[in-house]
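Chemist: File final-v7.txt follows (compact mmCIF, C-alpha atoms):
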```
# COMPACT_ATOMS: atom_id res chain seq x y z
CA MET A 1 -65.22 47.45 -18.70
CA ILE A 2 -65.04 45.81 -15.31
CA ASN A 3 -64.41 42.36 -16.85
CA LEU A 4 -61.62 43.78 -19.03
CA LYS A 5 -59.86 45.34 -16.01
CA LEU A 6 -60.13 42.04 -14.07
CA THR A 7 -58.68 40.14 -16.99
CA LYS A 8 -55.70 42.51 -17.27
CA ARG A 9 -55.08 42.32 -13.50
CA HIS A 10 -55.28 38.48 -13.57
CA PHE A 11 -52.83 38.39 -16.49
CA ALA A 12 -50.34 40.59 -14.63
CA ILE A 13 -50.47 38.37 -11.53
CA SER A 14 -50.00 35.24 -13.62
CA ASN A 15 -47.03 36.81 -15.41
CA ARG A 16 -45.36 37.67 -12.09
CA LEU A 17 -45.92 34.11 -10.78
CA LEU A 18 -44.34 32.68 -13.96
CA HIS A 19 -41.27 34.88 -13.56
CA LEU A 20 -40.98 33.85 -9.90
CA PHE A 21 -41.21 30.18 -10.85
CA LEU A 22 -38.53 30.53 -13.53
CA PHE A 23 -36.31 32.42 -11.07
CA VAL A 24 -36.59 29.61 -8.47
CA VAL A 25 -35.88 26.94 -11.09
CA GLY A 26 -32.81 28.85 -12.30
CA ILE A 27 -31.45 29.18 -8.74
CA SER A 28 -32.01 25.44 -8.12
CA LEU A 29 -30.20 24.42 -11.32
CA GLY A 30 -27.30 26.70 -10.44
CA VAL A 31 -26.92 25.14 -6.99
CA VAL A 32 -27.07 21.59 -8.40
CA PHE A 33 -24.54 22.38 -11.13
CA THR A 34 -22.12 23.93 -8.59
CA LEU A 35 -22.34 20.86 -6.34
CA CYS A 36 -21.67 18.55 -9.30
CA LEU A 37 -18.54 20.49 -10.21
CA LYS A 38 -17.25 20.27 -6.65
CA THR A 39 -17.92 16.55 -6.45
CA LEU A 40 -16.19 15.91 -9.77
CA SER A 41 -13.18 17.93 -8.68
CA PHE A 42 -12.98 15.95 -5.40
CA ALA A 43 -13.19 12.64 -7.22
CA ASN A 44 -10.34 13.58 -9.52
CA LYS A 45 -8.09 14.18 -6.55
CA PHE A 46 -8.70 10.65 -5.16
CA PRO A 47 -8.80 7.87 -7.77
CA PRO A 48 -10.86 4.80 -6.91
CA LEU A 49 -9.17 2.20 -4.71
CA PRO A 50 -8.46 -1.26 -6.13
CA ILE A 51 -10.98 -3.92 -5.27
CA PHE A 52 -9.68 -6.92 -3.34
CA LEU A 53 -11.40 -10.14 -2.41
CA PHE A 54 -11.78 -10.16 1.36
CA ALA A 55 -13.18 -13.32 2.85
CA SER A 56 -13.49 -14.67 6.34
CA THR A 57 -10.41 -16.15 7.97
CA SER A 58 -12.20 -19.47 8.20
CA ILE A 59 -11.38 -21.40 5.03
CA SER A 60 -14.09 -23.69 3.76
CA ILE A 61 -13.71 -24.75 0.15
CA ASN A 62 -15.57 -27.53 -1.58
CA ALA A 63 -13.10 -29.08 -3.98
CA SER A 64 -15.82 -30.48 -6.20
CA ALA A 65 -17.74 -27.23 -6.57
CA THR A 66 -18.13 -25.58 -9.94
CA PRO A 67 -16.13 -22.35 -10.36
CA PRO A 68 -18.30 -19.23 -10.44
CA HIS A 69 -19.21 -17.87 -13.84
CA ASN A 70 -18.01 -14.36 -12.99
CA GLN A 71 -14.45 -15.39 -12.16
CA THR A 72 -11.85 -14.24 -14.63
CA PRO A 73 -10.38 -17.32 -16.37
CA PRO A 74 -6.70 -17.69 -17.19
CA PRO A 75 -5.68 -16.00 -20.41
CA PRO A 76 -6.11 -18.07 -23.54
CA THR A 77 -2.94 -19.86 -24.50
CA PRO A 78 -1.83 -20.32 -28.08
CA PRO A 79 -2.13 -23.91 -29.30
CA PRO A 80 1.15 -25.78 -29.56
CA GLN A 81 2.64 -25.82 -33.01
CA LYS A 82 3.73 -29.05 -34.55
CA PRO A 83 7.23 -29.20 -35.93
CA SER A 84 7.73 -28.91 -39.66
CA SER A 85 6.89 -32.18 -41.34
CA ASN A 86 10.03 -32.06 -43.43
CA HIS A 87 12.37 -31.67 -40.46
CA ILE A 88 14.10 -34.77 -39.11
CA VAL A 89 15.40 -34.33 -35.54
CA ASP A 90 17.21 -37.66 -35.38
CA GLU A 91 17.86 -40.42 -37.83
CA VAL A 92 16.12 -42.75 -35.44
CA SER A 93 12.47 -43.17 -36.38
CA LEU A 94 11.09 -40.14 -34.54
CA ASN A 95 7.89 -40.40 -36.50
CA ASN A 96 6.95 -43.26 -34.20
CA LEU A 97 6.91 -40.89 -31.21
CA THR A 98 3.40 -39.84 -30.25
CA THR A 99 3.70 -36.07 -30.36
CA PHE A 100 0.77 -34.71 -28.41
CA GLY A 101 -1.68 -37.49 -27.66
CA PRO A 102 -5.19 -36.55 -26.51
CA PRO A 103 -6.15 -32.88 -26.72
CA PRO A 104 -5.42 -30.91 -23.54
CA PRO A 105 -8.21 -30.27 -21.02
CA PRO A 106 -10.20 -27.04 -21.31
CA ASN A 107 -8.55 -23.86 -20.05
CA LEU A 108 -10.65 -23.34 -16.91
CA PRO A 109 -10.17 -21.17 -13.82
CA LEU A 110 -7.72 -22.72 -11.40
CA HIS A 111 -10.25 -23.02 -8.61
CA GLU A 112 -13.44 -21.51 -7.33
CA HIS A 113 -11.99 -19.32 -4.61
CA LEU A 114 -8.82 -17.32 -4.98
CA SER A 115 -7.75 -16.72 -1.41
CA ASP A 116 -8.88 -15.84 2.08
CA TYR A 117 -5.80 -14.23 3.49
CA THR A 118 -5.41 -10.87 5.18
CA ILE A 119 -2.03 -9.21 4.96
CA ASP A 120 -1.09 -5.95 3.29
CA ASN A 121 1.17 -7.15 0.46
CA ARG A 122 1.42 -3.92 -1.52
CA THR A 123 5.16 -3.85 -0.81
CA LYS A 124 6.66 -6.91 -2.45
CA LEU A 125 9.41 -8.87 -0.73
CA GLU A 126 12.51 -9.42 -2.83
CA LEU A 127 13.44 -13.05 -3.52
CA MET A 128 16.76 -12.74 -1.66
CA HIS A 129 15.58 -11.43 1.72
CA ASN A 130 16.81 -11.87 5.27
CA ILE A 131 13.64 -12.59 7.22
CA SER A 132 13.39 -15.73 9.35
CA ASP A 133 11.53 -18.86 8.29
CA GLU A 134 8.97 -18.23 11.00
CA GLU A 135 8.20 -14.73 9.71
CA LEU A 136 8.24 -15.96 6.10
CA LEU A 137 5.70 -18.70 6.80
CA SER A 138 3.51 -16.24 8.69
CA ARG A 139 3.53 -13.70 5.84
CA ALA A 140 2.87 -16.37 3.23
CA SER A 141 -0.22 -17.60 5.07
CA LYS A 142 -1.84 -14.13 5.05
CA VAL A 143 -1.33 -12.79 1.54
CA ILE A 144 -4.19 -10.88 -0.07
CA VAL A 145 -5.10 -12.08 -3.54
CA PRO A 146 -6.83 -9.51 -5.80
CA HIS A 147 -10.27 -10.51 -7.02
CA ASP A 148 -9.49 -9.80 -10.66
CA LEU A 149 -6.03 -11.14 -11.40
CA PRO A 150 -4.83 -10.33 -14.93
CA HIS A 151 -3.60 -13.91 -15.24
CA TYR A 152 -2.87 -17.01 -13.19
CA LYS A 153 0.60 -18.47 -12.86
CA VAL A 154 2.06 -21.87 -12.13
CA ALA A 155 4.97 -21.71 -9.67
CA PHE A 156 7.80 -24.12 -10.48
CA MET A 157 9.87 -24.76 -7.36
CA PHE A 158 13.27 -26.37 -7.91
CA LEU A 159 14.79 -28.20 -4.94
CA THR A 160 18.39 -28.81 -5.92
CA PRO A 161 21.82 -29.19 -4.28
CA GLY A 162 23.39 -26.85 -6.82
CA PRO A 163 23.21 -26.32 -10.59
CA LEU A 164 20.37 -27.36 -12.86
CA PRO A 165 22.03 -29.59 -15.48
CA LEU A 166 18.78 -29.95 -17.45
CA ALA A 167 18.16 -26.19 -17.57
CA PRO A 168 18.51 -25.99 -21.41
CA PHE A 169 15.56 -28.37 -21.78
CA TRP A 170 13.48 -26.41 -19.27
CA GLU A 171 14.33 -23.16 -21.08
CA LEU A 172 12.68 -24.54 -24.23
CA PHE A 173 9.66 -25.57 -22.16
CA PHE A 174 9.23 -22.08 -20.66
CA LYS A 175 10.00 -20.04 -23.78
CA GLY A 176 7.12 -17.83 -24.88
CA TYR A 177 5.04 -18.20 -21.72
CA GLU A 178 6.83 -15.73 -19.46
CA GLU A 179 3.59 -14.25 -18.07
CA MET A 180 2.22 -17.63 -17.04
CA TYR A 181 4.85 -19.08 -14.71
CA SER A 182 7.15 -18.22 -11.82
CA ILE A 183 10.39 -19.96 -10.85
CA TYR A 184 11.88 -20.44 -7.38
CA ILE A 185 15.19 -22.22 -6.74
CA HIS A 186 16.37 -23.63 -3.39
CA PRO A 187 20.03 -24.66 -3.78
CA HIS A 188 22.66 -25.39 -1.15
CA PRO A 189 23.68 -22.09 0.50
CA SER A 190 27.25 -22.50 -0.75
CA TYR A 191 26.23 -22.80 -4.39
CA ASN A 192 27.56 -20.01 -6.62
CA ASP A 193 25.03 -19.16 -9.34
CA SER A 194 26.89 -16.21 -10.82
CA HIS A 195 27.32 -18.11 -14.10
CA VAL A 196 23.58 -18.07 -14.89
CA PRO A 197 23.10 -15.78 -17.93
CA ALA A 198 20.88 -12.73 -17.53
CA ASP A 199 18.53 -13.88 -20.33
CA SER A 200 17.88 -17.24 -18.64
CA ALA A 201 14.48 -18.08 -17.15
CA PHE A 202 16.42 -19.08 -14.01
CA TYR A 203 18.30 -15.81 -13.62
CA GLY A 204 17.67 -14.13 -10.26
CA ARG A 205 15.20 -16.79 -9.13
CA ARG A 206 17.17 -18.10 -6.16
CA ILE A 207 15.62 -17.86 -2.68
CA PRO A 208 17.36 -17.82 0.74
CA SER A 209 18.17 -21.45 1.50
CA GLN A 210 19.62 -23.72 4.14
CA ALA A 211 21.47 -27.03 3.93
CA VAL A 212 19.23 -30.05 3.28
CA LYS A 213 20.03 -33.55 4.46
CA TRP A 214 18.12 -36.42 2.90
CA GLY A 215 15.83 -38.28 5.30
CA THR A 216 15.58 -35.45 7.83
CA ILE A 217 13.06 -32.72 8.63
CA SER A 218 15.35 -30.28 6.80
CA MET A 219 13.83 -31.60 3.57
CA ILE A 220 10.38 -30.47 4.74
CA ASP A 221 11.85 -27.13 5.80
CA ALA A 222 13.11 -26.59 2.27
CA GLU A 223 9.77 -27.53 0.71
CA ARG A 224 7.84 -25.18 3.03
CA ARG A 225 10.40 -22.45 2.37
CA LEU A 226 9.83 -22.79 -1.37
CA LEU A 227 6.06 -22.78 -0.94
CA ALA A 228 6.15 -19.73 1.33
CA ASN A 229 8.27 -17.69 -1.07
CA ALA A 230 6.03 -18.66 -3.98
CA LEU A 231 2.87 -17.80 -2.00
CA LEU A 232 4.08 -14.21 -1.60
CA GLU A 233 3.21 -13.72 -5.28
CA PRO A 234 -0.62 -13.53 -5.42
CA SER A 235 -0.84 -14.60 -9.06
CA ASN A 236 0.74 -18.00 -8.27
CA GLN A 237 -2.22 -20.39 -8.03
CA ARG A 238 -0.64 -23.81 -8.65
CA PHE A 239 2.65 -25.02 -7.16
CA VAL A 240 4.91 -27.71 -8.63
CA LEU A 241 7.87 -29.15 -6.71
CA VAL A 242 10.58 -30.55 -8.99
CA SER A 243 14.21 -31.58 -8.59
CA ASP A 244 17.36 -31.01 -10.61
CA SER A 245 16.77 -34.37 -12.31
CA CYS A 246 13.16 -33.67 -13.39
CA ILE A 247 11.97 -32.91 -16.91
CA PRO A 248 8.58 -31.94 -18.37
CA VAL A 249 7.22 -34.55 -20.77
CA PHE A 250 4.57 -32.34 -22.43
CA ASN A 251 4.64 -28.79 -23.76
CA PHE A 252 3.80 -25.84 -21.51
CA THR A 253 0.26 -25.42 -22.86
CA THR A 254 -0.70 -29.00 -22.08
CA VAL A 255 0.82 -28.86 -18.59
CA TYR A 256 -0.82 -25.52 -17.78
CA ASN A 257 -4.25 -26.61 -19.01
CA TYR A 258 -4.03 -29.95 -17.22
CA LEU A 259 -3.43 -28.18 -13.91
CA ALA A 260 -5.84 -25.33 -14.60
CA GLY A 261 -8.62 -27.66 -15.66
CA THR A 262 -9.15 -29.34 -12.29
CA ASN A 263 -9.87 -28.44 -8.68
CA GLN A 264 -7.76 -31.33 -7.41
CA SER A 265 -4.17 -31.28 -6.18
CA PHE A 266 -1.73 -34.00 -7.18
CA LEU A 267 0.10 -35.33 -4.13
CA ALA A 268 0.69 -39.05 -3.68
CA SER A 269 -0.89 -40.25 -0.44
CA ILE A 270 -1.45 -43.97 0.12
CA ASP A 271 -2.13 -46.22 3.08
CA ASP A 272 0.79 -48.66 2.83
CA PRO A 273 0.37 -51.59 5.26
CA ARG A 274 3.95 -52.79 4.80
CA LYS A 275 6.90 -52.23 7.09
CA SER A 276 8.00 -49.33 4.85
CA GLY A 277 4.55 -47.73 5.33
CA ARG A 278 2.60 -48.24 8.56
CA GLY A 279 5.72 -49.86 9.99
CA ARG A 280 7.29 -46.38 10.27
CA TYR A 281 4.47 -44.97 12.36
CA SER A 282 5.29 -44.10 15.98
CA ARG A 283 2.59 -44.68 18.58
CA GLN A 284 3.88 -41.62 20.39
CA MET A 285 2.25 -39.54 17.65
CA ALA A 286 -1.21 -40.44 18.97
CA PRO A 287 -3.75 -39.04 19.55
CA GLU A 288 -2.85 -36.12 17.25
CA ILE A 289 -1.91 -38.58 14.47
CA THR A 290 -3.36 -42.08 14.44
CA VAL A 291 -2.10 -45.07 12.49
CA ASP A 292 -5.29 -44.96 10.39
CA GLN A 293 -4.38 -41.41 9.31
CA TRP A 294 -0.76 -42.32 8.52
CA ARG A 295 0.11 -42.05 4.84
CA LYS A 296 3.09 -42.45 2.52
CA GLY A 297 3.88 -40.92 -0.86
CA SER A 298 6.35 -39.24 -3.19
CA GLN A 299 7.62 -35.83 -2.13
CA TRP A 300 7.27 -34.42 -5.68
CA PHE A 301 3.88 -32.79 -5.74
CA GLU A 302 1.61 -30.30 -7.53
CA ILE A 303 -0.94 -28.51 -5.33
CA ARG A 304 -3.49 -25.70 -5.30
CA ARG A 305 -2.93 -22.40 -3.53
CA ASP A 306 -5.41 -23.01 -0.72
CA LEU A 307 -3.77 -26.32 0.14
CA ALA A 308 -0.32 -24.72 -0.02
CA VAL A 309 -1.47 -22.13 2.53
CA ARG A 310 -2.60 -24.87 4.89
CA ILE A 311 0.79 -26.56 4.63
CA VAL A 312 2.83 -23.44 5.44
CA SER A 313 0.39 -22.59 8.25
CA ASP A 314 0.82 -25.94 9.99
CA ARG A 315 2.71 -25.93 13.29
CA LYS A 316 1.05 -28.79 15.13
CA TYR A 317 1.96 -31.71 12.86
CA TYR A 318 5.28 -30.23 11.80
CA GLU A 319 6.51 -30.29 15.42
CA ILE A 320 5.34 -33.89 15.87
CA PHE A 321 7.22 -35.03 12.76
CA GLY A 322 10.30 -33.06 13.75
CA GLU A 323 10.44 -34.83 17.07
CA LEU A 324 9.21 -38.34 16.32
CA CYS A 325 9.81 -39.09 12.60
CA VAL A 326 13.42 -40.28 12.60
CA PRO A 327 14.96 -43.08 10.50
CA PRO A 328 13.61 -45.47 9.45
CA CYS A 329 10.82 -42.85 9.29
CA TYR A 330 11.51 -40.26 6.59
CA SER A 331 9.59 -36.99 6.77
CA ASP A 332 9.75 -36.31 3.03
CA GLU A 333 7.79 -39.53 2.39
CA HIS A 334 5.22 -39.16 5.18
CA TYR A 335 4.73 -35.57 6.38
CA LEU A 336 2.80 -34.06 3.46
CA PRO A 337 0.81 -37.21 2.60
CA THR A 338 -0.28 -37.56 6.24
CA VAL A 339 -1.00 -33.87 6.88
CA VAL A 340 -3.04 -33.44 3.70
CA ASN A 341 -4.96 -36.64 4.51
CA ILE A 342 -5.83 -35.20 7.93
CA LEU A 343 -6.56 -31.59 6.96
CA ARG A 344 -8.27 -31.67 3.55
CA PRO A 345 -8.27 -35.09 1.87
CA GLU A 346 -11.07 -34.03 -0.50
CA MET A 347 -8.70 -31.52 -2.13
CA ASN A 348 -6.27 -34.23 -3.20
CA SER A 349 -6.27 -36.81 -6.01
CA ASN A 350 -3.87 -39.01 -3.97
CA ARG A 351 -1.54 -39.38 -6.95
CA THR A 352 1.48 -37.56 -8.28
CA VAL A 353 2.02 -36.24 -11.81
CA THR A 354 5.78 -36.91 -11.64
CA TRP A 355 6.84 -40.28 -13.03
CA VAL A 356 9.67 -42.36 -11.53
CA ASP A 357 10.84 -45.91 -12.14
CA TRP A 358 10.82 -48.02 -8.95
CA SER A 359 11.23 -51.31 -10.82
CA ARG A 360 14.63 -51.85 -9.21
CA VAL A 361 14.78 -52.70 -5.52
CA GLY A 362 16.52 -50.03 -3.45
CA PRO A 363 16.08 -46.76 -1.57
CA HIS A 364 16.24 -44.64 -4.75
CA PRO A 365 14.52 -44.89 -8.16
CA ARG A 366 16.29 -45.76 -11.39
CA LYS A 367 18.42 -43.12 -13.09
CA PHE A 368 18.42 -42.43 -16.84
CA GLY A 369 21.48 -41.36 -18.79
CA ARG A 370 22.32 -40.69 -22.41
CA VAL A 371 21.92 -44.26 -23.68
CA ASP A 372 18.57 -44.71 -21.92
CA VAL A 373 16.65 -41.86 -23.56
CA ASN A 374 14.67 -43.18 -26.52
CA ILE A 375 11.24 -43.11 -28.08
CA GLU A 376 9.95 -46.11 -26.20
CA LEU A 377 10.88 -44.67 -22.81
CA LEU A 378 9.34 -41.26 -23.51
CA ASP A 379 6.08 -42.71 -24.82
CA ARG A 380 5.89 -45.09 -21.86
CA ILE A 381 6.21 -42.17 -19.49
CA ARG A 382 3.67 -40.04 -21.33
CA PHE A 383 0.97 -42.58 -22.15
CA GLY A 384 1.86 -45.83 -20.39
CA SER A 385 -0.25 -45.29 -17.26
CA GLU A 386 -3.94 -45.13 -16.45
CA CYS A 387 -5.53 -42.76 -13.95
CA VAL A 388 -8.63 -40.69 -13.22
CA TYR A 389 -8.79 -37.02 -14.21
CA ASN A 390 -11.95 -35.05 -13.40
CA GLY A 391 -13.86 -38.29 -13.00
CA ASP A 392 -12.79 -39.75 -16.35
CA THR A 393 -10.22 -42.44 -17.04
CA THR A 394 -7.23 -41.24 -19.06
CA ASN A 395 -3.73 -42.36 -20.00
CA VAL A 396 -2.29 -38.85 -19.59
CA CYS A 397 -1.19 -39.16 -15.98
CA ASN A 398 2.39 -37.89 -15.89
CA LEU A 399 3.43 -34.33 -16.71
CA PHE A 400 7.00 -34.64 -15.40
CA ALA A 401 9.57 -37.40 -14.99
CA ARG A 402 12.78 -38.16 -13.06
CA LYS A 403 15.62 -39.13 -12.53
CA PHE A 404 17.43 -37.91 -15.64
CA LEU A 405 21.18 -37.46 -15.41
CA HIS A 406 23.20 -34.61 -16.92
CA SER A 407 24.34 -36.95 -19.69
CA SER A 408 20.74 -37.24 -20.94
CA ILE A 409 20.56 -33.58 -22.01
CA GLY A 410 21.82 -34.28 -25.55
CA PRO A 411 19.11 -36.80 -26.51
CA LEU A 412 16.47 -34.74 -24.68
CA LEU A 413 17.29 -31.66 -26.73
CA LYS A 414 17.03 -33.73 -29.93
CA PHE A 415 13.57 -34.93 -28.96
CA ALA A 416 12.49 -31.51 -27.62
CA PRO A 417 10.73 -30.27 -30.82
CA LEU A 418 8.36 -33.21 -30.76
CA LEU A 419 7.93 -33.37 -26.98
CA LEU A 420 7.46 -29.65 -26.47
CA GLY A 421 5.83 -28.80 -29.78
CA PHE A 422 7.84 -26.15 -31.60
CA ASP A 423 9.80 -25.65 -34.81
CA PRO A 424 13.53 -26.15 -34.21
```
For the file at hand, write its structure as structure tokens.
Modeler:
Amino acid sequence: MINLKLTKRHFAISNRLLHLFLFVVGISLGVVFTLCLKTLSFANKFPPLPIFLFASTSISINASATPPHNQTPPPPTPPPQKPSSNHIVDEVSLNNLTTFGPPPPPNLPLHEHLSDYTIDNRTKLELMHNISDEELLSRASKVIVPHDLPHYKVAFMFLTPGPLPLAPFWELFFKGYEEMYSIYIHPHPSYNDSHVPADSAFYGRRIPSQAVKWGTISMIDAERRLLANALLEPSNQRFVLVSDSCIPVFNFTTVYNYLAGTNQSFLASIDDPRKSGRGRYSRQMAPEITVDQWRKGSQWFEIRRDLAVRIVSDRKYYEIFGELCVPPCYSDEHYLPTVVNILRPEMNSNRTVTWVDWSRVGPHPRKFGRVDVNIELLDRIRFGSECVYNGDTTNVCNLFARKFLHSSIGPLLKFAPLLLGFDP
């Protein structure tokens, strides 16, 4: 009897302990559940902030480094389409024109680091603004670039006295790739562009400009002004300076992939020992600029974003050139080649991708009109040179060419289907 009573009492105590344990567990779950609901409600009120790439203000980029595997590459581009085989553009033997040549380089990220700049650019600046050049250059040098850009763009910067007579040819080049390029136009301030149609790639792409005089520092001002405006757009990662007499000599896909597939910039920079090279150097530039650092090259360039930032950030060398580079010294032939050679020579290929014909003696290259545009000329421009691209020798060295006159637009449009790769 005694054992039975002890067993019943022990069972009652155990039962009460079980109920107490379940009660405590229930209270704990209720508290946790309530806290989760509050946290979820708080999170819904404040969506996650966008992630930006913040780096130190000290820029140190190895141009030969391999891009990181986790960087978002440019969007895949559709392959160029060959024109219909049964379509004859001109009665001249167009079949002899080499249409595409070697396959384009792989579509790689533009470079291993996007940007290191620290300015709040959530409010975009309109193209036609009224801020000073000094403020513009300052803003451009501090733009934040998001870590995960949806796509990279190539900025085409047109330095022109007025209209773009070859615009119809460029329109065919740009057509279908609207998300992959930006356009900036620096005309004479007096130029009236009201005639540009609203459906044109050039519509509304004019930037605030000032008069440019050949052979003076005003040419450099215009180039830096174009770069600064283009740098305000974070997705612009490559920058091409062209003139009103320039044309592309390959389709957009080939040009884009050629630029995207390398970490090098394309800016001509050579040590010219002649009177027209080192002979223009002023000893007053020393010690900031020595004769061994002095370089010469074409003003028509294609550069990476990080190098563009260095150019618009420069004050030291710009002031020296403004004061001491006067005729027969021409800033547009010496400023950028010299500054890039001093600041970051390893970023540069020391060659341009814009072809010109200097076979005739004189201060300006040869011009090409209607009667000059033919198959032989176009193939010579496209495949008649030899250069190094990503360490390999190639004959695809020129992506653009000049100087083409307004009268050349007719023949260029006839050859456009084969040059630019589309069905007419």
Chemist: Using all atoms listed in the file, find the one residue out of A:Gln264, A:Ser331, A:Ser407, A:Asn257 that sits nearest to Ser218 of chain A.
Modeler: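 Result for the nearest residue to Ser218 of chain A: A:Ser331.
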Chemist: Tell me which of A:Pro234, A:Gly369, A:Pro327, A:Pro187 sits closest to His151 of chain A, counting only C-alpha atoms.
Modeler: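 Going through A:Pro234, A:Gly369, A:Pro327, A:Pro187 one by one, the smallest distance to His151 of chain A is for A:Pro234.
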Chemist: Smallest atom-to-atom distance to Phe301 of chain A: which of A:Asn130, A:Ser408, A:Ser265, A:Gln237, using only C-alpha atoms?
Modeler: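 Distance minimum relative to Phe301 of chain A lands on A:Ser265.
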Chemist: Axis-aligned box over every listed atom of segment 289-303 of chain A, padded by 3 Å per side: centre and edges in Å to one decimal, as AutoDock Vina command-line options?
Modeler:
```
--center_x 1.2 --center_y -36.8 --center_z 3.5 --size_x 18.9 --size_y 22.6 --size_z 28.0
```
Chemist: Could you work out how far atom CA of Leu405 of chain A lies from atom CA of Val371 of chain A, giving the answer in Å with one decimal?
Modeler: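 Separating atom CA of Val371 of chain A from atom CA of Leu405 of chain A is a distance of 10.7 Å.
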Chemist: Quick one: everything within 12 Å of Glu171 of chain A, counting all atoms listed in the file, minus sequence neighbours fewer than 5 positions away in the same chain. Send it as a PyMOL selection string.
Modeler: chain A and resi 164-166+176-178+183+197+199-203+247-248+251-252+413+416+420
Chemist: Find the residue from A:Ile217, A:Ala260, A:Ala211, A:Ala167 that sits nearest to Val196 of chain A; use only C-alpha atoms when measuring.
Modeler: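 Ranking A:Ile217, A:Ala260, A:Ala211, A:Ala167 by distance to Val196 of chain A, first place goes to A:Ala167.
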Chemist: Have a look at A:Asn348, A:Gln210, A:Ser245, A:Ser190 and name the one nearest to Phe169 of chain A; count only C-alpha atoms.
Modeler: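 The closest residue to Phe169 of chain A is A:Ser245.
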Chemist: Quick one: pull the distance between atom CA of Ser209 of chain A and atom CA of Ser194 of chain A, Å, one decimal.
Modeler: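 For atom CA of Ser209 of chain A relative to atom CA of Ser194 of chain A, the distance reads 16.0 Å.
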Chemist: State, in Å with one decimal place, the distance from atom CA of Arg344 of chain A to atom CA of Arg304 of chain A.
Modeler: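 Spanning atom CA of Arg344 of chain A to atom CA of Arg304 of chain A is a straight-line distance of 11.7 Å.
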Chemist: Using all atoms listed in the file, find each residue of segment 186-298 of chain A with at least one atom at most 8 Å away from an atom of segment 310-325 of chain A; report its shortest atom-to-atom pair and that distance in Å (one decimal), sort the rows by chain and rising residue number, and return the result as JSON lines.
Modeler:
```
{"residue": "A:Ile217", "atom": "CA", "partner": "A:Gly322", "partner_atom": "CA", "distance": 5.8}
{"residue": "A:Arg224", "atom": "CA", "partner": "A:Val312", "partner_atom": "CA", "distance": 5.8}
{"residue": "A:Leu227", "atom": "CA", "partner": "A:Val312", "partner_atom": "CA", "distance": 7.2}
{"residue": "A:Ala228", "atom": "CA", "partner": "A:Val312", "partner_atom": "CA", "distance": 6.5}
{"residue": "A:Tyr281", "atom": "CA", "partner": "A:Cys325", "partner_atom": "CA", "distance": 7.9}
{"residue": "A:Ser282", "atom": "CA", "partner": "A:Leu324", "partner_atom": "CA", "distance": 7.0}
{"residue": "A:Gln284", "atom": "CA", "partner": "A:Leu324", "partner_atom": "CA", "distance": 7.5}
{"residue": "A:Met285", "atom": "CA", "partner": "A:Ile320", "partner_atom": "CA", "distance": 6.7}
{"residue": "A:Glu288", "atom": "CA", "partner": "A:Tyr317", "partner_atom": "CA", "distance": 7.9}
```
Chemist: Please produce a file of the residues just selected, as a CSV table (one decimal), in the coordinates of the input, where the atoms kept are C-alpha atoms.
Modeler:
```
chain,number,residue,atom,x,y,z
A,217,ILE,CA,13.1,-32.7,8.6
A,224,ARG,CA,7.8,-25.2,3.0
A,227,LEU,CA,6.1,-22.8,-0.9
A,228,ALA,CA,6.2,-19.7,1.3
A,281,TYR,CA,4.5,-45.0,12.4
A,282,SER,CA,5.3,-44.1,16.0
A,284,GLN,CA,3.9,-41.6,20.4
A,285,MET,CA,2.2,-39.5,17.6
A,288,GLU,CA,-2.8,-36.1,17.2
```
Chemist: Between A:Pro287, A:Gly277, A:Ser235, A:Cys329, which has the minimum distance to His147 of chain A (counting all atoms listed in the file)?
Modeler: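 With all atoms listed in the file as the atom set, the closest residue is A:Ser235.
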Chemist: Using the incomplete input, complete segment 318-326 of chain A to the level of N, CA and C atoms; output as a PDB file, in the coordinates of the input.
Modeler:
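Heads up, here's the output in rebuild.pdb:
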```pdb
ATOM      1  N   TYR A 318       3.861 -30.424  12.102  1.00  0.00           N
ATOM      2  CA  TYR A 318       5.280 -30.230  11.800  1.00  0.00           C
ATOM      3  C   TYR A 318       6.144 -30.527  13.027  1.00  0.00           C
ATOM      4  N   GLU A 319       5.733 -30.059  14.187  1.00  0.00           N
ATOM      5  CA  GLU A 319       6.510 -30.290  15.420  1.00  0.00           C
ATOM      6  C   GLU A 319       6.511 -31.769  15.797  1.00  0.00           C
ATOM      7  N   ILE A 320       5.397 -32.454  15.572  1.00  0.00           N
ATOM      8  CA  ILE A 320       5.340 -33.890  15.870  1.00  0.00           C
ATOM      9  C   ILE A 320       6.305 -34.654  14.983  1.00  0.00           C
ATOM     10  N   PHE A 321       6.312 -34.350  13.689  1.00  0.00           N
ATOM     11  CA  PHE A 321       7.220 -35.030  12.760  1.00  0.00           C
ATOM     12  C   PHE A 321       8.672 -34.692  13.085  1.00  0.00           C
ATOM     13  N   GLY A 322       8.940 -33.443  13.428  1.00  0.00           N
ATOM     14  CA  GLY A 322      10.300 -33.060  13.750  1.00  0.00           C
ATOM     15  C   GLY A 322      10.865 -33.802  14.936  1.00  0.00           C
ATOM     16  N   GLU A 323       9.991 -34.140  15.862  1.00  0.00           N
ATOM     17  CA  GLU A 323      10.440 -34.830  17.070  1.00  0.00           C
ATOM     18  C   GLU A 323      10.439 -36.349  16.936  1.00  0.00           C
ATOM     19  N   LEU A 324       9.426 -36.894  16.259  1.00  0.00           N
ATOM     20  CA  LEU A 324       9.210 -38.340  16.320  1.00  0.00           C
ATOM     21  C   LEU A 324       9.479 -39.086  15.008  1.00  0.00           C
ATOM     22  N   CYS A 325       9.541 -38.394  13.865  1.00  0.00           N
ATOM     23  CA  CYS A 325       9.810 -39.090  12.600  1.00  0.00           C
ATOM     24  C   CYS A 325      11.309 -39.088  12.330  1.00  0.00           C
ATOM     25  N   VAL A 326      11.979 -40.106  12.799  1.00  0.00           N
ATOM     26  CA  VAL A 326      13.420 -40.280  12.600  1.00  0.00           C
ATOM     27  C   VAL A 326      13.641 -41.631  11.942  1.00  0.00           C
TER      28      VAL A 326
END
```
